[in-house]
Amino acid sequence: MRIFIAIVFLIVVSLIDLAFTPYFSLLHVKPYAIILFLYFFTLKSPPLSALIVAGFTGFLYDIFSPDWFGLHMIAFSTFVYVEIALRDRVFWERMGSLIVLFAGAFFVRLVVDVPFYAGFLKSFISVFTSVLPGAVINLLAGLVVKIIIDSTQRNAL
């Protein structure tokens with residue numbers, strides 16, 4: 001039942017991400033809300049459920065994306081797999097754990113965005129104009145979400 005609720009939630013987040021985040025772009029860089037969802041879902045769910053949700057999310061994005069088919073599925077699944085592998089090595093309660101979110105957002109954007117730029121120079125420049133600012137935007141959004149989650153958990157105790 002938990003995975004069904006997660007899949008329904010990720011479909012809603014994916015549709016919001018695909019439909020509305022272009023309107024929230026900052027310097028022509030849009031945030032990926034789905035990366036935040038996958039990051040926090042992976043922290044609170046069993047590894048197999050997280051990988052299934054990441055693969056399904058990537059498939060959903062590949063269907064609605066005109067880019068190369070399969071890139072989102074590979075990028076999202078790899079991001080979640082690395083996060084699962086780091087579960088025992090990172091103190092997820094601390095703010096420093098958001099470095100994993102930054103690295104994952106950077107990786108996903110690098111895999112998904114850069115191959116579509118023609119030529120080495122444009123690809124290299126896109127790392128600084130699209131990939132890095134996008135990862136910073138995801139890091140800042142993750143920081144806000146983490147602060148909200150921590151404050152609600154503190155108030156619940």
# chains A, B, ... in the order shown; residues from 1 in each chain; ligands from 1
>>> residues_around(residues="Ala6 (chain A)", least_positions_apart="3", cutoff="12 Å", atoms="only C-alpha atoms", output="number ranges by chain")
A: 1-3, 9-14, 37-38, 40-42, 44-46, 49-54, 56-57
>>> write_last_selection(atoms="C-alpha atoms", output="tab-separated table (two decimals), in the first residue's frame")
chain	number	residue	atom	x	y	z
A	1	MET	CA	0.00	0.00	0.00
A	2	ARG	CA	2.86	2.35	0.82
A	3	ILE	CA	4.41	1.98	-2.62
A	9	PHE	CA	2.29	11.03	-5.11
A	10	LEU	CA	5.19	10.86	-7.57
A	11	ILE	CA	2.81	11.02	-10.52
A	12	VAL	CA	1.33	14.19	-9.07
A	13	VAL	CA	4.81	15.63	-8.37
A	14	SER	CA	5.97	14.64	-11.86
A	37	PHE	CA	10.96	13.88	-3.96
A	38	LEU	CA	13.33	11.02	-4.79
A	40	PHE	CA	13.47	12.42	0.65
A	41	PHE	CA	11.50	9.32	-0.39
A	42	THR	CA	14.68	7.25	-0.52
A	44	LYS	CA	12.25	7.08	4.42
A	45	SER	CA	11.52	3.98	2.36
A	46	PRO	CA	12.95	0.50	1.80
A	49	SER	CA	10.68	0.50	-3.12
A	50	ALA	CA	12.93	3.49	-3.75
A	51	LEU	CA	14.50	1.85	-6.81
A	52	ILE	CA	11.09	0.88	-8.21
A	53	VAL	CA	9.78	4.40	-7.72
A	54	ALA	CA	12.93	5.91	-9.28
A	56	PHE	CA	8.99	4.34	-12.76
A	57	THR	CA	9.59	8.08	-12.38
>>> closest_atom_pairs(of="region 34-111 of chain A", to="region 131-149 of chain A", cutoff="7 Å", atoms="only C-alpha atoms", output="tab-separated table")
residue	atom	partner	partner_atom	distance
A:Leu36	CA	A:Gly142	CA	6.3
A:Leu98	CA	A:Leu139	CA	6.8
A:Leu101	CA	A:Leu139	CA	6.4
A:Phe102	CA	A:Leu139	CA	5.3
A:Ala105	CA	A:Ala135	CA	5.0
A:Phe106	CA	A:Ala135	CA	5.0
A:Arg109	CA	A:Val131	CA	5.4
A:Leu110	CA	A:Val131	CA	6.0
>>> closest_residue(among="A:Trp68, A:Asp150, A:Ser126, A:Leu121", to="Met95 (chain A)", atoms="only C-alpha atoms")
A:Asp150
>>> closest_residue(among="A:Val82, A:Leu43, A:Ile74, A:Leu18", to="Gly58 (chain A)", atoms="only C-alpha atoms")
A:Ile74
>>> select_by_dssp(residues="region 63-114 of chain A", states="helix (DSSP H, G or I)", output="PDB file with C-alpha atoms, in the first residue's frame")
ATOM      1  CA  ILE A  63       7.494   9.336 -21.973  1.00  0.00           C
ATOM      2  CA  PHE A  64       6.720  13.052 -21.573  1.00  0.00           C
ATOM      3  CA  LEU A  71      18.153   8.941 -19.907  1.00  0.00           C
ATOM      4  CA  HIS A  72      15.840   9.950 -17.074  1.00  0.00           C
ATOM      5  CA  MET A  73      15.365   6.347 -16.009  1.00  0.00           C
ATOM      6  CA  ILE A  74      19.111   5.763 -15.860  1.00  0.00           C
ATOM      7  CA  ALA A  75      19.839   9.076 -14.122  1.00  0.00           C
ATOM      8  CA  PHE A  76      17.104   8.782 -11.480  1.00  0.00           C
ATOM      9  CA  SER A  77      17.850   5.115 -10.736  1.00  0.00           C
ATOM     10  CA  THR A  78      21.579   5.794 -10.409  1.00  0.00           C
ATOM     11  CA  PHE A  79      20.944   8.743  -8.089  1.00  0.00           C
ATOM     12  CA  VAL A  80      18.693   6.639  -5.838  1.00  0.00           C
ATOM     13  CA  TYR A  81      21.093   3.678  -5.931  1.00  0.00           C
ATOM     14  CA  VAL A  82      24.011   5.837  -4.781  1.00  0.00           C
ATOM     15  CA  GLU A  83      21.860   7.340  -2.040  1.00  0.00           C
ATOM     16  CA  ILE A  84      20.917   3.826  -0.872  1.00  0.00           C
ATOM     17  CA  ALA A  85      24.583   2.806  -0.927  1.00  0.00           C
ATOM     18  CA  MET A  95      22.434  19.513   7.083  1.00  0.00           C
ATOM     19  CA  GLY A  96      25.678  18.201   5.569  1.00  0.00           C
ATOM     20  CA  SER A  97      23.706  15.326   4.071  1.00  0.00           C
ATOM     21  CA  LEU A  98      22.346  17.805   1.538  1.00  0.00           C
ATOM     22  CA  ILE A  99      25.698  17.515  -0.245  1.00  0.00           C
ATOM     23  CA  VAL A 100      24.379  14.186  -1.536  1.00  0.00           C
ATOM     24  CA  LEU A 101      21.346  16.046  -2.892  1.00  0.00           C
ATOM     25  CA  PHE A 102      23.605  18.614  -4.582  1.00  0.00           C
ATOM     26  CA  ALA A 103      25.815  15.909  -6.106  1.00  0.00           C
ATOM     27  CA  GLY A 104      22.776  13.935  -7.245  1.00  0.00           C
ATOM     28  CA  ALA A 105      21.104  16.969  -8.784  1.00  0.00           C
ATOM     29  CA  PHE A 106      24.370  17.844 -10.531  1.00  0.00           C
ATOM     30  CA  PHE A 107      24.678  14.283 -11.861  1.00  0.00           C
ATOM     31  CA  VAL A 108      21.069  14.082 -13.057  1.00  0.00           C
ATOM     32  CA  ARG A 109      21.313  17.434 -14.812  1.00  0.00           C
ATOM     33  CA  LEU A 110      24.670  16.487 -16.330  1.00  0.00           C
ATOM     34  CA  VAL A 111      23.266  13.252 -17.751  1.00  0.00           C
ATOM     35  CA  VAL A 112      19.933  14.686 -18.889  1.00  0.00           C
ATOM     36  CA  ASP A 113      20.816  18.208 -20.079  1.00  0.00           C
ATOM     37  CA  VAL A 114      24.374  18.207 -21.447  1.00  0.00           C
TER      38      VAL A 114
END
>>> atom_distance(atom1="CA of Ser65 (chain A)", atom2="CA of Val8 (chain A)")
19.4 Å
>>> atom_distance(atom1="CA of Ala33 (chain A)", atom2="CA of Asp17 (chain A)")
5.8 Å
